[in-house]
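Heads up, the thing below is written out as structure tokens.
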Amino acid sequence: MREPFDQVEPVNADRVGREALKRLMYPKAIAIAGASDSRPYPGTLEMIARGIAVYPINPRYSTIYGLQAFPTLAALGKPVDAVFSGVNAQQSVDLVAEAARLGVGGVVVFAAGFDHPNPELKEALRQAAAGRVAVLGPNCNGLINVRSGTFITAAPLRACPVGGIGFIAHSGGFLLSMVNGALGRKIGLSHLITCGNELVTDMVDYLDALVDDPDTRVIALALETIRRPDEFFVAAERARRAGKPVVVLKLGKGARAREIARSHTGAIAGEPWVYEAAFRQAGIISARDFPDLLDRVALFDQVRAERWTSINGLAVLSTSGGMSELASDICEAEAMELPQVESVRDDIAVVLQDAGGFQSSDIVLNPIDLGGSVTFKPGLIGRAVGHYAATPEIDAVMFVHVLDGPGEQMGRDLLPELIEGNRNNNKLTVLASVEDGEVAEWAGDCRKHGIAVGRGIRAAIRGLKAMDDFMRAAKRVKVAHDARIAAISRPDGQLVATAAGPILPFSSVMALLTQFEVPTAPYRIIRPQDPFSAAELPFPAPFAVKIADIPHRAEVGAVELSVNESSLAQTVERLRGLALSLRAPADIIVQPQIRFDGEVFFGVQSNADLGPMVFCGVGGTFVELLGEVTARLAPFVRQQAAEMITELNPAVLRGFRGARPWDTEQLASIAVSLSRLAIACRGWLSSLDINPLVYGQNGFVAVDALCIVQN
């Protein structure tokens with residue numbers, strides 16, 4: 001059972017052991033199986049040139065790469081830390097088994113072919129590892145420890161820049177992309193790890209290991225799936241507590257938008273935005289594509305951790321009106337706040353006057369166009385930067401300019417101005433290019449002076465947003481659960497077979513909600529053999545009448561609204577006939593028709609991709625108009641529930657078109673109750689949909705619910 005953020009011990013201790021993983025990631029001696037002079041791996045030659053202990057393994061040769069070659073691992077006479085397997089799938093299985101017998105730390109398996117044509121090799125590889133060898137792959141591109149210069153990979157290499165970014169990807173194709181992207185942004189890497197098919201170790205193991213790596217300051221992931229979600233989020237929480245941001249590019253997002261209709265929790269549980277909601281809950285930063293991933297980790301590598309800051313207010317300066325307008329548009333699109341800092345107006349007016357530029361009483365102060373004339377008088381830009389940096393509502397200052405080609409000298413001249421302007425304030429300062437080409441070599445030296453460099457305005461803004469997201473998450477109070485949530489058995493009673501799967505009877509679902517303190521509307525079930533009279537109902541007309549135990553009632557005409565006392569019997573008979581034609585039970589529900597000011601959808605999914613989740617969306621016609629649904633991993637507490645509710649459309653929450661403002665406190669309480677239900681029922685519940693939960697005079701009540709049970 002998940003207890004989010006309570007477990008902070010390393011997550012891989014019971015798999016292959018941290019010592020084996022450490023030897024693979026920090027090897028002192030490396031064997032290359034399948035080595036040959038005719039197919040030299042560039043990384044191997046690089047390691048040999050650096051004096052790292054490399055042992056070629058190939059029974060066909062006595063020397064390879066000018067080194068003594070050995071026929072087998074055993075012939076070495078001593079265990080090495082890591083082995084690169086450049087042989088085929090079956091030979092790789094044998095190699096891993098030999099490595100396990102000899103006490104090798106880990107094996108990188110480059111070969112594919114473990115799914116087709118020989119799927120039995122997958123289990124054979126796991127068995128060969130015997131829980132003693134950390135196997136990376138198969139079908140991977142290996143790993144690189146950039147700082148130590150160990151290249152256990154078949155990838156063609158460029159010089160890897162050394163820095164603080166640890167990168168883990170499922171796809172080996174991203175290895176070179178990460179190196180190229182880092183070179184273009186003048187940022188550096190600590191580790192590059194490609195997981196492949198994850199038959200023995202997985203991304204969680206390496207994420208967890210990088211949390212403890214002293215050279216890694218930020219962790220970037222390009223992932224296809226999360227095989228162990230509970231452990232993944234524990235490792236991510238360890239990273240958060242260690243002050244290491246985790247930035248994730250989730251692959252395989254597909255083209256579907258957020259779509260939610262009645263009783264469709266199961267359909268949305270694997271949607272990409274669900275991952276984003278879970279990442280946000282855990283303080284993980286999401287990236288939209290690969291360049292975005294690079295942009296969002298860049299500032300963490302360029303800026304010392306003690307200068308990381310929340311960005312409540314950003315000041316943007318430039319010497320061009322067009323650049324200022326572009327920066328304004330991008331900041332608005334990226335939701336970056338640009339306060340209007342009226343306190344600097346008089347000081348900036350003096351700077352502009354000294355520059356001999358234009359004067360205007362209504363000049364826009366943020367972003368500000370200082371005009372090109374400030375560049376001809378040294379010191380003016382520094383003064384302007386200093387005025388903004390001294391303002392309490394400004395946390396970071398960004399100067400936008402052309403930084404390469406003909407603009408390089410102007411960019412060089414900016415650097416001392418930015419340093420001087422911020423000398424007394426120590427505010428985060430970013431120099432951003434207008435274009436998104438490679439960061440010039442000279443600009444890469446800015447970090448020595450505490451100045452970060454952005455490859456384009458949008459890239460710089462996204463880097464600042466990532467820092468803001470992490471710093472806000474870092475301040476979050478640890479979520480503690482007072483007690484574990486006890487599992488409950490499935491309610492007694494016969495299930496109802498439907499096309500959607502077996503469902504609980506309506507009365508059992510409503511009783512379950514009541515058990516977890518979710519308010520429910522009153523109802524009366526009229527069974528085929530029961531006599532009834534409208535006068536005997538405990539609530540007045542008008543009534544809502546519907547077939548009790550059938551999914552998607554509205555789609556088949558199984559709901560009648562505004563039924564009065566005189567037409568109730570006729571309506572019940574009509575719905576009984578419809579139930580008969582649909583081969584559904586003929587039990588009929590009668591409820592008071594509640595006047596309401598809004599509808600909400602709540603869903604619980606116990607077997608979502610990431611584990612038990614609670615979904616919440618604006619209901620009724622707003623579902624189709626707004627498509628708004630948010631989610632959280634269960635269980636969660638009141639603070640997280642309140643954050644989830646605030647992600648819904650604020651206009652609706654405040655009361656749309658004169659309606660009453662919604663009771664968001666009650667909604668948060670219901671969300672917490674459903675998160676407990678998700679955990680307590682995870683052994684038998686598939687999905688639970690409350691649609692609608694209506695906002696009546698007495699608050700929110702569940703009018704209808706559908707609970708699908710696991711087969």
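Here, A, B, ... name the chains of the structure tokens in the order displayed, residue numbers run from 1 inside each chain, and ligands are numbered from 1 in the same displayed order.
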Per-residue nearest contacts of range 445-564 of chain A to range 574-591 of chain A (6 Å; only C-alpha atoms) as a tab-separated table:
residue	atom	partner	partner_atom	distance
A:Tyr523	CA	A:Gln591	CA	4.6
A:Arg524	CA	A:Val590	CA	5.3
A:Ile525	CA	A:Ile589	CA	4.6
A:Ile526	CA	A:Ile588	CA	5.1
A:Arg527	CA	A:Asp587	CA	4.6
A:Phe543	CA	A:Gln591	CA	5.5
A:Ala544	CA	A:Gln591	CA	5.1
A:Val545	CA	A:Val590	CA	4.6
A:Lys546	CA	A:Ile589	CA	5.3
A:Ile547	CA	A:Ile588	CA	4.7
A:Ala548	CA	A:Ile588	CA	5.1
Restricting it to C-alpha atoms, dump the selection as a PDB file, in the first residue's frame.
ATOM      1  CA  TYR A 523     -33.690   7.455  -2.756  1.00  0.00           C
ATOM      2  CA  ARG A 524     -36.213   4.645  -2.793  1.00  0.00           C
ATOM      3  CA  ILE A 525     -35.751   1.433  -4.781  1.00  0.00           C
ATOM      4  CA  ILE A 526     -38.953  -0.004  -6.237  1.00  0.00           C
ATOM      5  CA  ARG A 527     -38.506  -3.680  -7.020  1.00  0.00           C
ATOM      6  CA  PHE A 543     -39.033  13.064  -8.914  1.00  0.00           C
ATOM      7  CA  ALA A 544     -36.049  11.753 -10.837  1.00  0.00           C
ATOM      8  CA  VAL A 545     -36.759   8.155 -11.899  1.00  0.00           C
ATOM      9  CA  LYS A 546     -34.226   5.764 -13.419  1.00  0.00           C
ATOM     10  CA  ILE A 547     -33.307   2.124 -13.931  1.00  0.00           C
ATOM     11  CA  ALA A 548     -31.177   1.181 -10.933  1.00  0.00           C
TER      12      ALA A 548
END
Go through range 79-158 of chain A residue by residue and, counting only C-alpha atoms, keep those with an atom at most 9 Å from range 36-55 of chain A; for each kept residue give the shortest atom pair and its distance in Å to one decimal, ordered by chain and increasing number, as a Markdown table.
| residue | atom | partner | partner_atom | distance |
| --- | --- | --- | --- | --- |
| A:Val80 | CA | A:Tyr55 | CA | 8.9 |
| A:Ile144 | CA | A:Gly43 | CA | 8.8 |
| A:Gly149 | CA | A:Met47 | CA | 6.7 |
| A:Thr150 | CA | A:Met47 | CA | 6.2 |
| A:Phe151 | CA | A:Gly43 | CA | 4.8 |
| A:Ile152 | CA | A:Gly43 | CA | 6.8 |
| A:Thr153 | CA | A:Gly43 | CA | 6.4 |
| A:Ala154 | CA | A:Tyr41 | CA | 5.5 |
| A:Ala155 | CA | A:Pro42 | CA | 7.4 |
| A:Pro156 | CA | A:Pro42 | CA | 6.0 |
| A:Leu157 | CA | A:Pro42 | CA | 6.6 |
Go ahead and dump the residues you just picked, N, CA and C atoms, as a JSON list (two decimals), in the first residue's frame.
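Final output, again_39.json:
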[["chain", "number", "residue", "atom", "x", "y", "z"],
["A", 80, "VAL", "N", 35.69, -7.90, -12.41],
["A", 80, "VAL", "CA", 35.68, -6.48, -12.79],
["A", 80, "VAL", "C", 34.40, -5.85, -12.25],
["A", 144, "ILE", "N", 27.13, 6.36, -19.34],
["A", 144, "ILE", "CA", 28.36, 7.15, -19.30],
["A", 144, "ILE", "C", 28.42, 7.85, -17.95],
["A", 149, "GLY", "N", 34.72, 9.69, -16.74],
["A", 149, "GLY", "CA", 35.14, 9.35, -18.10],
["A", 149, "GLY", "C", 35.00, 7.89, -18.44],
["A", 150, "THR", "N", 34.03, 7.19, -17.81],
["A", 150, "THR", "CA", 33.79, 5.79, -18.16],
["A", 150, "THR", "C", 32.62, 5.72, -19.14],
["A", 151, "PHE", "N", 32.89, 5.19, -20.33],
["A", 151, "PHE", "CA", 31.93, 5.15, -21.42],
["A", 151, "PHE", "C", 31.57, 3.70, -21.72],
["A", 152, "ILE", "N", 30.53, 3.19, -21.07],
["A", 152, "ILE", "CA", 30.12, 1.80, -21.30],
["A", 152, "ILE", "C", 28.96, 1.85, -22.29],
["A", 153, "THR", "N", 29.28, 2.12, -23.54],
["A", 153, "THR", "CA", 28.27, 2.39, -24.56],
["A", 153, "THR", "C", 28.84, 2.10, -25.93],
["A", 154, "ALA", "N", 27.92, 1.83, -26.86],
["A", 154, "ALA", "CA", 28.31, 1.67, -28.26],
["A", 154, "ALA", "C", 28.07, 2.94, -29.06],
["A", 155, "ALA", "N", 27.58, 3.98, -28.41],
["A", 155, "ALA", "CA", 27.20, 5.20, -29.12],
["A", 155, "ALA", "C", 28.43, 5.93, -29.64],
["A", 156, "PRO", "N", 28.33, 6.50, -30.84],
["A", 156, "PRO", "CA", 29.39, 7.42, -31.29],
["A", 156, "PRO", "C", 29.37, 8.65, -30.40],
["A", 157, "LEU", "N", 30.53, 9.18, -30.08],
["A", 157, "LEU", "CA", 30.60, 10.20, -29.04],
["A", 157, "LEU", "C", 31.14, 11.52, -29.55]]
| remark: Pairwise distance, CA of Gln515 in chain A with CA of Glu599 in chain A, equals 22.0 Å
| request: Give the answer as one residue: which of A:Val518, A:Ile187, A:Ile193, A:Leu176 has the shortest atom-to-atom distance to Pro161 in chain A, using only C-alpha atoms? | output: A:Ile187
Determine, counting only C-alpha atoms, which protein, DNA and RNA residues have an atom within 10 Å of an atom of Arg132 in chain A; residues of the same chain fewer than 5 positions away are not included. Present the result as a PDB file with N, CA and C atoms, in the first residue's frame.
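Saved to part-v2.pdb:
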ATOM      1  N   ARG A  15      16.634  -5.476  -4.520  1.00  0.00           N
ATOM      2  CA  ARG A  15      16.652  -5.968  -5.904  1.00  0.00           C
ATOM      3  C   ARG A  15      18.030  -6.540  -6.235  1.00  0.00           C
ATOM      4  N   VAL A  16      18.957  -5.706  -6.621  1.00  0.00           N
ATOM      5  CA  VAL A  16      20.285  -6.218  -6.934  1.00  0.00           C
ATOM      6  C   VAL A  16      21.312  -5.729  -5.930  1.00  0.00           C
ATOM      7  N   GLY A  17      20.890  -4.902  -5.005  1.00  0.00           N
ATOM      8  CA  GLY A  17      21.830  -4.392  -4.023  1.00  0.00           C
ATOM      9  C   GLY A  17      22.472  -3.104  -4.498  1.00  0.00           C
ATOM     10  N   GLU A  19      25.322  -1.904  -3.730  1.00  0.00           N
ATOM     11  CA  GLU A  19      26.750  -2.019  -4.010  1.00  0.00           C
ATOM     12  C   GLU A  19      26.993  -2.445  -5.454  1.00  0.00           C
ATOM     13  N   ALA A  20      26.192  -3.411  -5.942  1.00  0.00           N
ATOM     14  CA  ALA A  20      26.339  -3.844  -7.339  1.00  0.00           C
ATOM     15  C   ALA A  20      26.027  -2.694  -8.293  1.00  0.00           C
ATOM     16  N   LEU A  21      24.969  -1.949  -8.011  1.00  0.00           N
ATOM     17  CA  LEU A  21      24.605  -0.818  -8.861  1.00  0.00           C
ATOM     18  C   LEU A  21      25.696   0.247  -8.829  1.00  0.00           C
ATOM     19  N   VAL A  96      26.000 -12.958 -18.554  1.00  0.00           N
ATOM     20  CA  VAL A  96      25.456 -12.484 -17.277  1.00  0.00           C
ATOM     21  C   VAL A  96      25.556 -13.579 -16.215  1.00  0.00           C
ATOM     22  N   ALA A  97      25.263 -14.826 -16.600  1.00  0.00           N
ATOM     23  CA  ALA A  97      25.376 -15.933 -15.644  1.00  0.00           C
ATOM     24  C   ALA A  97      26.821 -16.082 -15.158  1.00  0.00           C
ATOM     25  N   ALA A  99      29.048 -13.672 -15.088  1.00  0.00           N
ATOM     26  CA  ALA A  99      29.330 -12.495 -14.266  1.00  0.00           C
ATOM     27  C   ALA A  99      28.800 -12.681 -12.852  1.00  0.00           C
ATOM     28  N   ALA A 100      27.611 -13.300 -12.740  1.00  0.00           N
ATOM     29  CA  ALA A 100      27.034 -13.537 -11.409  1.00  0.00           C
ATOM     30  C   ALA A 100      27.906 -14.499 -10.602  1.00  0.00           C
ATOM     31  N   ARG A 101      28.428 -15.522 -11.250  1.00  0.00           N
ATOM     32  CA  ARG A 101      29.280 -16.490 -10.544  1.00  0.00           C
ATOM     33  C   ARG A 101      30.586 -15.851 -10.080  1.00  0.00           C
ATOM     34  N   GLY A 103      31.178 -12.584  -9.365  1.00  0.00           N
ATOM     35  CA  GLY A 103      31.096 -11.411  -8.493  1.00  0.00           C
ATOM     36  C   GLY A 103      31.283 -10.099  -9.211  1.00  0.00           C
ATOM     37  N   VAL A 104      30.919 -10.057 -10.496  1.00  0.00           N
ATOM     38  CA  VAL A 104      30.954  -8.798 -11.250  1.00  0.00           C
ATOM     39  C   VAL A 104      29.843  -7.881 -10.728  1.00  0.00           C
ATOM     40  N   GLY A 105      30.083  -6.549 -10.768  1.00  0.00           N
ATOM     41  CA  GLY A 105      29.073  -5.612 -10.293  1.00  0.00           C
ATOM     42  C   GLY A 105      27.871  -5.507 -11.210  1.00  0.00           C
ATOM     43  N   GLY A 106      28.107  -5.254 -12.510  1.00  0.00           N
ATOM     44  CA  GLY A 106      26.994  -5.077 -13.426  1.00  0.00           C
ATOM     45  C   GLY A 106      27.372  -5.351 -14.858  1.00  0.00           C
TER      46      GLY A 106
END
